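Next comes start13.cif, with mmCIF, C-alpha atoms.
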data_coords
#
loop_
_atom_site.group_PDB
_atom_site.id
_atom_site.type_symbol
_atom_site.label_atom_id
_atom_site.label_comp_id
_atom_site.auth_asym_id
_atom_site.auth_seq_id
_atom_site.Cartn_x
_atom_site.Cartn_y
_atom_site.Cartn_z
ATOM 1 C CA ASP A 1 14.481 161.347 97.096
ATOM 2 C CA ILE A 2 17.785 159.774 96.103
ATOM 3 C CA VAL A 3 19.702 162.837 97.301
ATOM 4 C CA ALA A 4 17.922 162.748 100.669
ATOM 5 C CA LEU A 5 18.575 159.034 101.154
ATOM 6 C CA ALA A 6 22.247 159.395 100.234
ATOM 7 C CA ALA A 7 22.753 162.525 102.362
ATOM 8 C CA PRO A 8 25.506 161.103 104.642
ATOM 9 C CA TRP A 9 27.643 160.249 101.598
ATOM 10 C CA ILE A 10 27.039 163.195 99.279
ATOM 11 C CA SER A 11 26.724 165.992 101.832
ATOM 12 C CA PRO A 12 29.754 168.270 101.418
ATOM 13 C CA GLN A 13 30.001 169.090 105.143
ATOM 14 C CA ASP A 14 28.635 168.311 108.580
ATOM 15 C CA PRO A 15 25.238 170.109 108.713
ATOM 16 C CA THR A 16 25.647 170.884 112.434
ATOM 17 C CA ARG A 17 29.227 172.186 112.261
ATOM 18 C CA GLN A 18 29.344 175.848 113.268
ATOM 19 C CA SER A 19 31.932 178.415 112.224
ATOM 20 C CA LEU A 20 31.300 181.982 113.357
ATOM 21 C CA ARG A 21 34.179 183.184 111.179
ATOM 22 C CA GLY A 22 32.202 182.150 108.119
ATOM 23 C CA ARG A 23 28.709 183.187 109.244
ATOM 24 C CA LEU A 24 26.278 184.584 106.641
ATOM 25 C CA ALA A 25 28.783 183.948 103.871
ATOM 26 C CA ALA A 26 27.707 184.383 100.269
ATOM 27 C CA PRO A 27 27.872 181.359 97.950
ATOM 28 C CA THR A 28 31.553 180.651 97.429
ATOM 29 C CA LEU A 29 33.979 177.874 96.615
ATOM 30 C CA GLN A 30 36.308 178.929 99.460
ATOM 31 C CA GLY A 31 34.936 180.685 102.520
ATOM 32 C CA ALA A 32 36.701 182.345 105.441
ATOM 33 C CA ASP A 33 37.006 178.951 107.111
ATOM 34 C CA GLY A 34 38.721 177.496 104.048
ATOM 35 C CA ARG A 35 35.733 175.378 103.033
ATOM 36 C CA ALA A 36 33.469 175.554 100.008
ATOM 37 C CA HIS A 37 29.917 176.812 100.607
ATOM 38 C CA VAL A 38 28.054 176.480 97.325
ATOM 39 C CA LEU A 39 24.849 177.965 98.780
ATOM 40 C CA GLY A 40 26.508 180.051 101.490
ATOM 41 C CA THR A 41 26.150 179.721 105.264
ATOM 42 C CA ASP A 42 23.545 180.642 107.873
ATOM 43 C CA HIS A 43 23.839 182.919 110.925
ATOM 44 C CA LEU A 44 25.893 180.285 112.774
ATOM 45 C CA GLY A 45 28.215 179.523 109.873
ATOM 46 C CA ARG A 46 26.608 176.170 109.025
ATOM 47 C CA ASP A 47 26.689 175.094 105.386
ATOM 48 C CA ILE A 48 23.218 175.628 103.866
ATOM 49 C CA LEU A 49 23.585 172.996 101.142
ATOM 50 C CA SER A 50 24.451 170.321 103.692
ATOM 51 C CA ARG A 51 21.490 171.326 105.864
ATOM 52 C CA ILE A 52 19.099 171.181 102.901
ATOM 53 C CA VAL A 53 20.321 167.714 101.923
ATOM 54 C CA HIS A 54 20.020 166.363 105.465
ATOM 55 C CA GLY A 55 16.732 168.182 106.081
ATOM 56 C CA GLY A 56 15.272 166.398 103.083
ATOM 57 C CA ARG A 57 15.703 163.094 104.902
ATOM 58 C CA ILE A 58 13.515 164.284 107.771
ATOM 59 C CA SER A 59 10.841 165.681 105.470
ATOM 60 C CA LEU A 60 10.792 162.528 103.359
ATOM 61 C CA GLY A 61 10.697 160.266 106.417
ATOM 62 C CA VAL A 62 7.883 162.187 108.061
ATOM 63 C CA GLY A 63 5.915 162.339 104.812
ATOM 64 C CA LEU A 64 6.242 158.627 104.042
ATOM 65 C CA SER A 65 5.423 157.598 107.611
ATOM 66 C CA ALA A 66 2.360 159.846 107.814
ATOM 67 C CA VAL A 67 1.070 158.777 104.386
ATOM 68 C CA THR A 68 1.543 155.085 105.204
ATOM 69 C CA LEU A 69 -0.316 155.381 108.510
ATOM 70 C CA SER A 70 -3.135 157.511 107.093
ATOM 71 C CA CYS A 71 -3.424 155.127 104.128
ATOM 72 C CA LEU A 72 -3.825 152.114 106.427
ATOM 73 C CA ILE A 73 -6.534 153.843 108.465
ATOM 74 C CA GLY A 74 -8.382 155.400 105.540
ATOM 75 C CA VAL A 75 -8.282 152.394 103.222
ATOM 76 C CA SER A 76 -9.465 150.033 105.974
ATOM 77 C CA LEU A 77 -12.412 152.234 106.914
ATOM 78 C CA GLY A 78 -13.206 153.001 103.273
ATOM 79 C CA LEU A 79 -13.299 149.289 102.418
ATOM 80 C CA LEU A 80 -15.627 148.527 105.317
ATOM 81 C CA ALA A 81 -17.926 151.458 104.573
ATOM 82 C CA GLY A 82 -18.194 150.770 100.858
ATOM 83 C CA PHE A 83 -18.490 146.982 101.063
ATOM 84 C CA TYR A 84 -20.925 146.590 103.940
ATOM 85 C CA GLY A 85 -22.915 149.822 103.515
ATOM 86 C CA GLY A 86 -25.850 150.478 105.834
ATOM 87 C CA ARG A 87 -25.012 151.551 109.378
ATOM 88 C CA THR A 88 -21.293 150.909 108.910
ATOM 89 C CA ASP A 89 -21.197 153.247 105.937
ATOM 90 C CA ALA A 90 -23.288 155.889 107.709
ATOM 91 C CA PHE A 91 -21.093 155.806 110.830
ATOM 92 C CA VAL A 92 -17.790 156.039 108.936
ATOM 93 C CA MET A 93 -19.048 158.854 106.726
ATOM 94 C CA ARG A 94 -20.307 160.848 109.702
ATOM 95 C CA VAL A 95 -16.858 160.568 111.291
ATOM 96 C CA VAL A 96 -15.360 161.712 107.978
ATOM 97 C CA ASP A 97 -17.718 164.702 107.934
ATOM 98 C CA VAL A 98 -16.611 165.693 111.431
ATOM 99 C CA PHE A 99 -12.936 165.644 110.452
ATOM 100 C CA LEU A 100 -13.629 167.567 107.242
ATOM 101 C CA ALA A 101 -15.505 170.254 109.190
ATOM 102 C CA ILE A 102 -12.394 171.111 111.224
ATOM 103 C CA PRO A 103 -9.476 172.881 109.469
ATOM 104 C CA TYR A 104 -6.525 170.475 109.348
ATOM 105 C CA ILE A 105 -3.892 172.932 110.475
ATOM 106 C CA LEU A 106 -5.930 174.165 113.462
ATOM 107 C CA LEU A 107 -6.653 170.622 114.619
ATOM 108 C CA ALA A 108 -3.002 169.667 114.221
ATOM 109 C CA MET A 109 -1.829 172.759 116.087
ATOM 110 C CA GLY A 110 -4.189 172.045 118.973
ATOM 111 C CA VAL A 111 -3.179 168.402 119.331
ATOM 112 C CA VAL A 112 0.577 169.011 118.943
ATOM 113 C CA PHE A 113 0.396 171.934 121.390
ATOM 114 C CA ALA A 114 -1.275 169.655 123.942
ATOM 115 C CA LEU A 115 1.074 166.676 123.411
ATOM 116 C CA GLY A 116 4.245 168.647 122.764
ATOM 117 C CA PRO A 117 6.316 168.978 119.571
ATOM 118 C CA SER A 118 8.097 165.767 118.595
ATOM 119 C CA LEU A 119 8.657 163.684 115.481
ATOM 120 C CA VAL A 120 6.245 160.924 116.557
ATOM 121 C CA ASN A 121 3.493 163.341 117.559
ATOM 122 C CA VAL A 122 3.721 165.194 114.240
ATOM 123 C CA ILE A 123 3.420 161.947 112.280
ATOM 124 C CA LEU A 124 0.447 160.768 114.347
ATOM 125 C CA VAL A 125 -1.341 164.106 114.065
ATOM 126 C CA MET A 126 -0.862 164.361 110.311
ATOM 127 C CA ALA A 127 -2.041 160.785 109.786
ATOM 128 C CA ALA A 128 -5.049 161.308 112.065
ATOM 129 C CA THR A 129 -6.187 164.379 110.119
ATOM 130 C CA ARG A 130 -5.577 163.160 106.547
ATOM 131 C CA TRP A 131 -6.950 159.605 106.528
ATOM 132 C CA VAL A 132 -10.331 160.949 105.399
ATOM 133 C CA GLN A 133 -8.982 161.518 101.876
ATOM 134 C CA PHE A 134 -8.263 157.815 101.476
ATOM 135 C CA ALA A 135 -11.531 156.765 103.098
ATOM 136 C CA ARG A 136 -13.700 158.835 100.757
ATOM 137 C CA ILE A 137 -11.917 157.746 97.565
ATOM 138 C CA VAL A 138 -11.822 154.056 98.507
ATOM 139 C CA ARG A 139 -15.458 154.009 99.629
ATOM 140 C CA ALA A 140 -16.634 155.511 96.339
ATOM 141 C CA ASP A 141 -14.603 152.992 94.339
ATOM 142 C CA VAL A 142 -15.707 150.004 96.415
ATOM 143 C CA LEU A 143 -19.390 150.924 95.984
ATOM 144 C CA SER A 144 -18.891 150.323 92.274
ATOM 145 C CA ILE A 145 -16.584 147.302 92.517
ATOM 146 C CA ARG A 146 -18.828 145.305 94.871
ATOM 147 C CA GLU A 147 -21.600 145.248 92.249
ATOM 148 C CA ARG A 148 -19.457 143.770 89.474
ATOM 149 C CA GLU A 149 -19.873 140.273 88.139
ATOM 150 C CA PHE A 150 -16.572 138.837 89.382
ATOM 151 C CA VAL A 151 -17.424 139.823 92.963
ATOM 152 C CA SER A 152 -20.900 138.304 92.652
ATOM 153 C CA GLY A 153 -19.341 135.138 91.227
ATOM 154 C CA ALA A 154 -16.811 134.918 94.062
ATOM 155 C CA ARG A 155 -19.603 135.402 96.589
ATOM 156 C CA ALA A 156 -21.661 132.667 94.911
ATOM 157 C CA ARG A 157 -18.705 130.271 95.250
ATOM 158 C CA GLY A 158 -18.885 130.719 99.026
ATOM 159 C CA ASN A 159 -16.026 133.156 99.594
ATOM 160 C CA ARG A 160 -16.234 134.954 102.917
ATOM 161 C CA SER A 161 -16.366 138.731 103.204
ATOM 162 C CA VAL A 162 -12.736 139.069 104.327
ATOM 163 C CA ARG A 163 -11.509 137.055 101.341
ATOM 164 C CA LEU A 164 -13.717 139.042 98.980
ATOM 165 C CA LEU A 165 -12.298 142.301 100.318
ATOM 166 C CA LEU A 166 -8.631 141.277 100.240
ATOM 167 C CA ARG A 167 -8.611 139.078 97.128
ATOM 168 C CA HIS A 168 -11.090 140.749 94.792
ATOM 169 C CA VAL A 169 -12.072 144.252 95.948
ATOM 170 C CA LEU A 170 -8.843 145.757 97.288
ATOM 171 C CA PRO A 171 -6.626 144.865 94.259
ATOM 172 C CA ASN A 172 -9.120 146.587 91.957
ATOM 173 C CA ALA A 173 -9.108 149.718 94.123
ATOM 174 C CA LEU A 174 -5.321 150.115 94.202
ATOM 175 C CA THR A 175 -5.074 152.605 91.324
ATOM 176 C CA PRO A 176 -6.865 155.520 93.063
ATOM 177 C CA ILE A 177 -5.103 154.632 96.331
ATOM 178 C CA ILE A 178 -1.678 155.007 94.684
ATOM 179 C CA VAL A 179 -2.675 158.299 93.075
ATOM 180 C CA VAL A 180 -3.981 159.750 96.360
ATOM 181 C CA ALA A 181 -0.894 158.527 98.262
ATOM 182 C CA THR A 182 1.404 160.246 95.761
ATOM 183 C CA LEU A 183 -0.437 163.547 96.104
ATOM 184 C CA GLU A 184 -0.649 163.227 99.885
ATOM 185 C CA LEU A 185 3.112 162.728 100.198
ATOM 186 C CA ALA A 186 3.749 166.208 98.801
ATOM 187 C CA PHE A 187 1.011 167.662 101.010
ATOM 188 C CA MET A 188 2.408 165.968 104.123
ATOM 189 C CA ILE A 189 5.844 167.491 103.529
ATOM 190 C CA ILE A 190 4.317 170.974 103.242
ATOM 191 C CA TYR A 191 2.109 170.217 106.258
ATOM 192 C CA GLU A 192 5.147 169.263 108.364
ATOM 193 C CA SER A 193 7.033 172.344 107.199
ATOM 194 C CA ALA A 194 4.158 174.583 108.275
ATOM 195 C CA LEU A 195 4.052 173.022 111.735
ATOM 196 C CA SER A 196 7.824 173.318 112.089
ATOM 197 C CA PHE A 197 7.675 176.966 111.021
ATOM 198 C CA LEU A 198 5.150 177.570 113.805
ATOM 199 C CA GLY A 199 7.417 175.820 116.297
ATOM 200 C CA LEU A 200 5.140 172.776 116.652
ATOM 201 C CA GLY A 201 6.897 170.355 114.315
ATOM 202 C CA VAL A 202 10.310 168.805 114.052
ATOM 203 C CA GLN A 203 12.806 171.080 115.787
#
Could you spell out this file's structure in structure tokens?
Amino acid sequence: DIVALAAPWISPQDPTRQSLRGRLAAPTLQGADGRAHVLGTDHLGRDILSRIVHGGRISLGVGLSAVTLSCLIGVSLGLLAGFYGGRTDAFVMRVVDVFLAIPYILLAMGVVFALGPSLVNVILVMAATRWVQFARIVRADVLSIREREFVSGARARGNRSVRLLLRHVLPNALTPIIVVATLELAFMIIYESALSFLGLGVQ
């Protein structure tokens, strides 16, 4: 993460600089163009190490953006479903079932193919297909938290539902949310790489 964020300062060369004289060079400290290429060069003579360092910024940015958006959607719906129950819970869970029934990569490919490959579209598609993970975990946790004594006490003191959710329920559900977000970040990066490999992600 630190390397990706500091890419402009630690990158040995310009990742877009081409040099056909030094194309497909093996790892060397002094290539045909007089520059060091620790990991060699690609078919256009661009330094691979520099491209990896700069590419990490895109992967990290896409992953963090997609996880943040999917977390907001999933946690919000999971809180509502678990706290209110009844028809709200049934509706949210049926929507979750629909999304789980469709393979993520196929859904993403269809949507990105229709909208066109771009950074924003990839982030939106990944967030729209992965929010169900947060919703399921949060709902299950909230079903337990809402029955605890401190929530009953807060409700007896006249606290409204919104205050109960934000002040008492959500803070106690943060641990599984953080764990899921950490795992999803790695998945989102792989997800974005797969779409890019198929020509539907970041170009």
Closest of A:Cys71, A:Leu80, A:Ala173, A:Leu119 to Trp131 in chain A - atom-to-atom distances counting only C-alpha atoms: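 Smallest distance to Trp131 in chain A is found for A:Cys71.
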Counting all atoms listed in the file, the option among A:Leu174, A:Met93, A:Val120, A:Leu77 closest to Ile58 in chain A: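 Using all atoms listed in the file, Ile58 in chain A sits closest to A:Val120.
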d(CA of Gly55 in chain A, CA of Leu29 in chain A) in Å: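 Rounded to one decimal, the two atoms are 21.9 Å apart.
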Long-range neighbours of range 43-54 of chain A as an MDAnalysis selection string, 7 Å cut-off, only C-alpha atoms, 5 positions minimum in chain: chainID A and resid 3:4 7 11:20 22:24 37:38
Resolved residues for the PyMOL selection byres ((chain A and resi 106) around 12) as a VMD selection string: chain A and resid 99 to 105 107 to 113 125 to 126 129 191 194 to 195 198 200
